[in-house]
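A.B. asks: The structure follows.
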Amino acid sequence: MLSSFINQTTRVSRSLHPTRPLITRSLSLRHNPVVEKDCSSITPPYAKLNSNLAIVRRILDNRPLTLAEKIVYSHLTNPEETVPVRGETYLKLSPDRVAMQDASAQMALLQFMLSGMPTTAVPSSIHCDHLIAANKGADNDVAESIVTNREIFDFLESGAKKYGIAFWKPGSGIIHQIVLENYAAPGGLMLGTDSHTPNAGGLGIVAIGVGGADAVDAMANIPWELKAPNVIGVKLTGSLGPWASPKDVILKMAGELTVRGGTGHIIEYFGEGVESLSCTGMATICNMGAEVGATTSLFPYTRSMQSYLRSTGRLAVSQAADNNLHFLQADRGAQYDKVIEINLSEVEPHINGPFTPDLSTPLSKFKDFIQENQWKDDLSSALIGSCTNSSYQDMSRAASLVKQATEAGVPLVSQFLITPGSEQIRATIERDGQQEVFEKAGGQVLANACGPCIGQWKRSERQGEENAILTSFNRNFRSRNDGNPQTMNFLAAPEVVTAMAFAGKLSFNPMTDALIGKDGKEFHFQPPTGDDLPSQGFEAGRATYEPPSPTPTPDASVKINIDPESTRLQELAPFEPWSGDEFRDIRVLVKVKGKCTTDHISAAGPWLKYKGHLQNIAENTLIGAQNADNGKVNSALDITNNKEDTIPEVAKSYKNQNIDWMVVADHNYGEGSAREHAALQVRYLGCPLIISRSFARIHETNLKKQGVLPLTFANENDYELINGGDIIETEGVKDIASGRPVKLIVTKPDGSKLSIETKHTMSADQIEWFTKGSALNLIKENISKA
């Protein structure tokens, strides 16, 4: 289905091998400006939203509302039936839109197929961005990806045609940049099957990252459930200095809030400083709100949003937003659960990491930080772009620094890789010269895809040795980018990443330090410069990547065929319903120590190819988790034979013997990506419950959706009382109810017993998911009755 697409891809890019010559691109002399879009399915239904909000206001005695509350409450399915209470009430919402990236869309589409719906109830889109690995560069990598992933892309494209879903081809761009350029609209509510969906908050929309089962709710016209979030207000004053960027705002905040500080909250920005930020800069800040656990982040409607909408062909959206300014900002006197004040004029560049996005260090202190930890002062690779920082403004400011260094005769020392966020960005920076600046200096422009940010990087250098990379990405868990656990991955703004690539040292401070130019004299970088938006407008790019219709007509005649012998795709079988009784004889498969992200639970990188095949991807379950009992990674004791093996092998052994098992976890279990496979896999392998000190929001919801009971310790120190191999039975599951605790009776290997109190956050609806075996089982049952 995509074979013709390979031949249409005419641009040939420079290989990652520096000796390969650059071939001139065919687009250079063409002009294909962005045109006005059909915005009928993009513009939020402001009249309906205002009407809903009026009902909620009466219920809440007309108290002032935050912007987050206004948008969320106006999307209540039945506003007259709900009294929203922050942090308490479960809300039933009707989202306006769904967006899915190709890795998560496979499972979402497989689940939607089971619903029996002929088309999606809301506009939806699929974006092919995760399955393109950085190797030989840009178009070569896209073409290679189409060959190796043809079965997946054909499946997704067929499903899109059958159900009326917009399909964005491989190489068209990263989901979040495409959404910002095409679909985001102030005051809307959208769900995305990726944790960085909040990127769209830079355009004033409540955009929330979810698992595929949540997306299916919206696509199947089932009210989507969310506990009414608390709201953190961030008051911005002043304006950023010449070296500071929006990225530094969220890097600084991550250090203050930590990876758990935003859990259960929407982060809402306000204050005079908001008007000084570009729309894409605000998107960067919202994007990385995921790194502090926030439900989402958003900004009020601003002039920069208006300009961005108009420059990307959405004049109708901007005009509608202009007429609803009262709706698109917080009420005067609105109260926040917590207020953080940031003077943008005082923000300095920050570098976060390694191995966690909340280890934040000001640039002025980073040299000392490196020396204190006795790390090698060497930067092996510098990477800019990704969904977080690939805007025209980002590319322009980075290019201004490259131009300065090149003109002074200062060469690149570190490998320098650039990832445009979309074909629109790539085509525009090619036309305006930034791409040529990068490439003449020796930089490599990669495909319009996620690439190294998510581990899709065929990096052969430095494997097995300690090294450091600096990126403008959003996440930096161990082994995430190149599969090497010894790669220290630091996060920074693209300007800092770019400048440090010319020094090749982590200790270099481009604000103060000097390099040596071709004339032997000291060279100092001047502050970066760059326009927010292109003065000549955006280029749409090559016709190969022409945007699909916002609302494609579904074609019921399209057949979706899944080869039963396929190793990439597998039809889903419904999970068994709960027995209705207490759990008995559950074995603790593993007690996890410390950070256990969804990367640890369901690794990405080479495993992405199995995202549509539950049985095969289950082979990576918890392979990154550290066993608290023996300190080993991917290790568990099979108590049926007293042999140590990998975690998935022991899980499969228990499954084959019809033995239920569970995981004991530390704080913020499941932080990171929205990947629901981390929940699907444990459920598939026989895990009915997980207990932790605390859960990350998305993962906790994903577990509930798949019929897994997530419990937390009433006393978090009780984590120390359970070990791998213990046998668990429950008291309170049989009569489970919202707010009612569950007790665990733990039998130790020596026969002694102890009792542990636990809590849960299951709502009445979520308990029904658990009862039926999964949320999808309930959806299918309800649709069959309709």
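Going by the structure tokens order, chains are called A, B, ..., each with residues numbered from 1, while ligands are numbered from 1 in the order shown.
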Using only C-alpha atoms, which protein or nucleic acid residues come within 10 Å of Met288 in chain A? Drop anything in the same chain fewer than 2 positions from it, and give the result as a PyMOL selection string.

C.D. replies: chain A and resi 195-199+247+250-251+253-254+283-286+290-294+296-297+357+388+473-475

A.B. asks: Using the selection just defined, write its residues with N, CA and C atoms as a compact mmCIF listing (two decimals), in the first residue's frame.

C.D. replies:
```txt
# COMPACT_ATOMS: atom_id res chain seq x y z
N SER A 195 2.55 10.22 26.00
CA SER A 195 2.61 11.01 27.23
C SER A 195 2.91 12.48 26.99
N HIS A 196 3.46 12.82 25.83
CA HIS A 196 3.79 14.22 25.56
C HIS A 196 2.70 14.95 24.75
N THR A 197 1.52 14.36 24.73
CA THR A 197 0.36 15.01 24.12
C THR A 197 0.14 16.43 24.67
N PRO A 198 0.45 16.71 25.96
CA PRO A 198 0.26 18.08 26.48
C PRO A 198 1.01 19.16 25.73
N ASN A 199 1.90 18.78 24.81
CA ASN A 199 2.57 19.75 23.95
C ASN A 199 1.58 20.75 23.35
N LYS A 247 12.54 26.33 27.19
CA LYS A 247 12.97 25.02 27.71
C LYS A 247 13.55 25.16 29.11
N ILE A 250 10.94 25.09 32.05
CA ILE A 250 10.43 23.79 32.50
C ILE A 250 11.57 22.92 33.06
N LEU A 251 12.80 23.10 32.60
CA LEU A 251 13.92 22.39 33.21
C LEU A 251 14.10 22.83 34.65
N MET A 253 11.69 24.16 36.55
CA MET A 253 10.53 23.68 37.30
C MET A 253 10.62 22.20 37.62
N ALA A 254 11.17 21.42 36.70
CA ALA A 254 11.31 19.98 36.95
C ALA A 254 12.18 19.73 38.17
N ALA A 283 4.51 25.62 23.91
CA ALA A 283 4.32 24.19 23.66
C ALA A 283 5.47 23.39 24.26
N THR A 284 6.69 23.89 24.16
CA THR A 284 7.85 23.23 24.77
C THR A 284 7.65 23.06 26.27
N ILE A 285 7.21 24.13 26.92
CA ILE A 285 6.99 24.09 28.36
C ILE A 285 5.92 23.06 28.71
N CYS A 286 4.82 23.07 27.94
CA CYS A 286 3.74 22.12 28.19
C CYS A 286 4.17 20.69 27.93
N ALA A 290 4.93 16.70 31.35
CA ALA A 290 4.80 15.25 31.57
C ALA A 290 5.90 14.73 32.47
N GLU A 291 7.06 15.39 32.45
CA GLU A 291 8.19 14.93 33.26
C GLU A 291 8.02 15.20 34.75
N VAL A 292 7.04 16.00 35.13
CA VAL A 292 6.76 16.20 36.56
C VAL A 292 5.46 15.51 36.94
N GLY A 293 4.93 14.69 36.02
CA GLY A 293 3.75 13.90 36.32
C GLY A 293 2.43 14.61 36.14
N ALA A 294 2.43 15.82 35.59
CA ALA A 294 1.20 16.60 35.46
C ALA A 294 0.23 15.93 34.49
N THR A 296 -1.77 17.54 32.54
CA THR A 296 -1.46 18.30 31.34
C THR A 296 -1.03 19.69 31.79
N SER A 297 -0.64 20.52 30.83
CA SER A 297 -0.27 21.91 31.10
C SER A 297 -0.91 22.76 30.01
N PRO A 357 14.87 13.33 34.50
CA PRO A 357 14.68 14.69 34.00
C PRO A 357 14.55 15.75 35.08
N THR A 388 9.85 18.12 21.37
CA THR A 388 9.95 19.17 22.38
C THR A 388 10.52 20.46 21.83
N PHE A 473 15.90 16.89 23.99
CA PHE A 473 14.74 16.01 24.13
C PHE A 473 14.04 16.26 25.46
N ASN A 474 13.10 15.40 25.82
CA ASN A 474 12.31 15.63 27.02
C ASN A 474 12.52 14.56 28.10
N ARG A 475 13.15 13.47 27.76
CA ARG A 475 13.23 12.35 28.69
C ARG A 475 14.62 11.73 28.58
```

A.B. asks: Just want the 10 Å neighbourhood of range 734-748 of chain A, counted on only C-alpha atoms, with same-chain residues fewer than 4 positions away dropped. Output as a ChimeraX atom specification.

C.D. replies: /A:578-588,691,711-714,721-730,752-767,771

A.B. asks: Would you write out, as a Markdown table, a table of all residues in range 436-461 of chain A that have an atom no more than 9 Å from an atom of range 403-423 of chain A, listing for each the closest atom pair and the distance in Å to one decimal, considering only C-alpha atoms and ordering rows by chain and rising residue number?

C.D. replies:
```
| residue | atom | partner | partner_atom | distance |
| --- | --- | --- | --- | --- |
| A:Val437 | CA | A:Lys403 | CA | 6.3 |
| A:Phe438 | CA | A:Lys403 | CA | 8.2 |
| A:Lys440 | CA | A:Thr406 | CA | 8.4 |
| A:Ala441 | CA | A:Thr406 | CA | 6.3 |
| A:Gly442 | CA | A:Leu412 | CA | 7.0 |
| A:Gly443 | CA | A:Phe416 | CA | 4.9 |
| A:Gln444 | CA | A:Leu417 | CA | 4.8 |
| A:Val445 | CA | A:Ile418 | CA | 4.7 |
| A:Leu446 | CA | A:Thr419 | CA | 5.1 |
| A:Ala447 | CA | A:Thr419 | CA | 6.4 |
| A:Asn448 | CA | A:Ser422 | CA | 5.1 |
| A:Ala449 | CA | A:Gly421 | CA | 6.7 |
| A:Cys450 | CA | A:Thr419 | CA | 7.8 |
| A:Gly451 | CA | A:Thr419 | CA | 7.9 |
| A:Pro452 | CA | A:Thr419 | CA | 9.0 |
```

A.B. asks: Selected residues, N, CA and C atoms, written as a PDB file, in the first residue's frame, please.

C.D. replies:
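Below you can see selection36.pdb, which holds the result:
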```pdb
ATOM      1  N   VAL A 437      23.027  25.807   6.725  1.00  0.00           N
ATOM      2  CA  VAL A 437      23.983  26.203   7.765  1.00  0.00           C
ATOM      3  C   VAL A 437      24.388  24.988   8.599  1.00  0.00           C
ATOM      4  N   PHE A 438      23.405  24.199   8.997  1.00  0.00           N
ATOM      5  CA  PHE A 438      23.697  22.994   9.788  1.00  0.00           C
ATOM      6  C   PHE A 438      24.603  22.042   9.024  1.00  0.00           C
ATOM      7  N   LYS A 440      26.542  22.482   6.300  1.00  0.00           N
ATOM      8  CA  LYS A 440      27.877  22.961   5.930  1.00  0.00           C
ATOM      9  C   LYS A 440      28.841  22.849   7.101  1.00  0.00           C
ATOM     10  N   ALA A 441      28.293  22.943   8.302  1.00  0.00           N
ATOM     11  CA  ALA A 441      29.132  22.817   9.499  1.00  0.00           C
ATOM     12  C   ALA A 441      29.454  21.365   9.814  1.00  0.00           C
ATOM     13  N   GLY A 442      28.733  20.431   9.174  1.00  0.00           N
ATOM     14  CA  GLY A 442      28.954  19.015   9.436  1.00  0.00           C
ATOM     15  C   GLY A 442      27.830  18.354  10.210  1.00  0.00           C
ATOM     16  N   GLY A 443      26.736  19.075  10.403  1.00  0.00           N
ATOM     17  CA  GLY A 443      25.589  18.499  11.082  1.00  0.00           C
ATOM     18  C   GLY A 443      24.815  17.559  10.183  1.00  0.00           C
ATOM     19  N   GLN A 444      24.082  16.658  10.767  1.00  0.00           N
ATOM     20  CA  GLN A 444      23.274  15.688  10.022  1.00  0.00           C
ATOM     21  C   GLN A 444      21.801  15.926  10.307  1.00  0.00           C
ATOM     22  N   VAL A 445      21.016  16.217   9.286  1.00  0.00           N
ATOM     23  CA  VAL A 445      19.584  16.382   9.436  1.00  0.00           C
ATOM     24  C   VAL A 445      18.912  15.025   9.261  1.00  0.00           C
ATOM     25  N   LEU A 446      18.212  14.596  10.286  1.00  0.00           N
ATOM     26  CA  LEU A 446      17.556  13.293  10.297  1.00  0.00           C
ATOM     27  C   LEU A 446      16.132  13.399   9.765  1.00  0.00           C
ATOM     28  N   ALA A 447      15.440  12.276   9.749  1.00  0.00           N
ATOM     29  CA  ALA A 447      14.061  12.231   9.269  1.00  0.00           C
ATOM     30  C   ALA A 447      13.134  13.015  10.194  1.00  0.00           C
ATOM     31  N   ASN A 448      11.982  13.387   9.657  1.00  0.00           N
ATOM     32  CA  ASN A 448      10.951  14.058  10.450  1.00  0.00           C
ATOM     33  C   ASN A 448      10.247  12.997  11.298  1.00  0.00           C
ATOM     34  N   ALA A 449      10.895  12.594  12.365  1.00  0.00           N
ATOM     35  CA  ALA A 449      10.396  11.478  13.163  1.00  0.00           C
ATOM     36  C   ALA A 449      11.014  11.540  14.552  1.00  0.00           C
ATOM     37  N   CYS A 450      10.589  10.638  15.420  1.00  0.00           N
ATOM     38  CA  CYS A 450      11.073  10.649  16.804  1.00  0.00           C
ATOM     39  C   CYS A 450      12.542  10.259  16.905  1.00  0.00           C
ATOM     40  N   GLY A 451      12.937   9.203  16.215  1.00  0.00           N
ATOM     41  CA  GLY A 451      14.332   8.819  16.139  1.00  0.00           C
ATOM     42  C   GLY A 451      15.007   8.598  17.484  1.00  0.00           C
ATOM     43  N   PRO A 452      16.188   9.196  17.687  1.00  0.00           N
ATOM     44  CA  PRO A 452      16.962   8.932  18.914  1.00  0.00           C
ATOM     45  C   PRO A 452      16.237   9.276  20.207  1.00  0.00           C
TER      46      PRO A 452
END
```

A.B. asks: Report, in Å to a single decimal, how far apart CA of Ile71 in chain A and CA of Gly201 in chain A are.

C.D. replies: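 Computing it gives 11.7 Å between the two atoms.
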
A.B. asks: Leaving out Leu379 in chain A and any residue of its chain fewer than 5 positions from it, which residues lie within 6 Å of it when counting only C-alpha atoms, given as a ChimeraX atom specification?

C.D. replies: /A:468-469,504-506

A.B. asks: So, counting only C-alpha atoms, which residue among A:Gly624, A:Pro710, A:Pro688, A:Pro118 is closest to Gly159 in chain A?

C.D. replies: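 Using only C-alpha atoms, the shortest distance to Gly159 in chain A belongs to A:Pro118.
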
A.B. asks: Restricting the calculation to only C-alpha atoms, which member of A:Leu298, A:Leu109, A:Leu189, A:Ala618 is positioned closest to Trp224 in chain A?

C.D. replies: A:Leu189

A.B. asks: List every residue of range 493-704 of chain A that DSSP, applied to the backbone of this structure, places in helix (DSSP H, G or I), and write the result as a ChimeraX atom specification.

C.D. replies: /A:494-501,543-545,598-601,605-610,614-620,647-656,677-684,697-704

A.B. asks: Can you tell me which residues surround Asn78 in chain A at a distance of at most 10 Å, considering only C-alpha atoms, apart from same-chain residues fewer than 6 positions away, and format the answer as a ChimeraX atom specification?

C.D. replies: /A:52,55-56,91-94,223

A.B. asks: With all heavy atoms retained, write the just-selected residues as a compact mmCIF listing (two decimals), in the first residue's frame.

C.D. replies:
```txt
# COMPACT_ATOMS: atom_id res chain seq x y z
N ASN A 52 -22.55 24.66 28.43
CA ASN A 52 -22.24 23.69 29.48
C ASN A 52 -21.63 24.37 30.70
O ASN A 52 -21.95 24.05 31.85
CB ASN A 52 -21.25 22.64 28.95
CG ASN A 52 -21.90 21.64 28.01
OD1 ASN A 52 -23.12 21.62 27.86
ND2 ASN A 52 -21.09 20.81 27.40
N ILE A 55 -24.02 26.04 33.06
CA ILE A 55 -24.68 25.09 33.97
C ILE A 55 -23.78 24.77 35.16
O ILE A 55 -24.21 24.77 36.32
CB ILE A 55 -25.04 23.79 33.22
CG1 ILE A 55 -26.07 24.09 32.13
CG2 ILE A 55 -25.56 22.73 34.18
CD1 ILE A 55 -26.33 22.90 31.20
N VAL A 56 -22.49 24.52 34.87
CA VAL A 56 -21.55 24.20 35.93
C VAL A 56 -21.38 25.39 36.88
O VAL A 56 -21.30 25.22 38.11
CB VAL A 56 -20.19 23.78 35.34
CG1 VAL A 56 -19.17 23.53 36.45
CG2 VAL A 56 -20.34 22.52 34.49
N LEU A 91 -14.94 12.72 36.77
CA LEU A 91 -15.70 13.42 35.74
C LEU A 91 -15.87 12.53 34.52
O LEU A 91 -14.95 11.81 34.12
CB LEU A 91 -14.97 14.71 35.33
CG LEU A 91 -14.54 15.65 36.45
CD1 LEU A 91 -13.73 16.81 35.87
CD2 LEU A 91 -15.77 16.17 37.22
N LYS A 92 -17.03 12.60 33.90
CA LYS A 92 -17.27 11.92 32.63
C LYS A 92 -17.28 12.98 31.54
O LYS A 92 -18.15 13.85 31.51
CB LYS A 92 -18.58 11.14 32.68
CG LYS A 92 -18.54 9.98 33.66
CD LYS A 92 -19.81 9.14 33.62
CE LYS A 92 -19.70 7.95 34.57
NZ LYS A 92 -20.90 7.08 34.53
N LEU A 93 -16.28 12.87 30.66
CA LEU A 93 -16.02 13.93 29.69
C LEU A 93 -16.20 13.45 28.25
O LEU A 93 -16.09 12.26 27.95
CB LEU A 93 -14.59 14.44 29.87
CG LEU A 93 -14.22 14.93 31.28
CD1 LEU A 93 -12.73 15.18 31.39
CD2 LEU A 93 -15.01 16.19 31.63
N SER A 94 -16.44 14.43 27.37
CA SER A 94 -16.58 14.15 25.93
C SER A 94 -15.48 14.89 25.18
O SER A 94 -15.61 16.07 24.87
CB SER A 94 -17.96 14.60 25.43
OG SER A 94 -18.99 13.88 26.06
N PRO A 223 -18.26 8.09 27.36
CA PRO A 223 -17.70 9.16 28.18
C PRO A 223 -16.36 8.75 28.79
O PRO A 223 -16.22 7.65 29.33
CB PRO A 223 -18.77 9.38 29.26
CG PRO A 223 -20.04 8.96 28.61
CD PRO A 223 -19.66 7.79 27.72
```
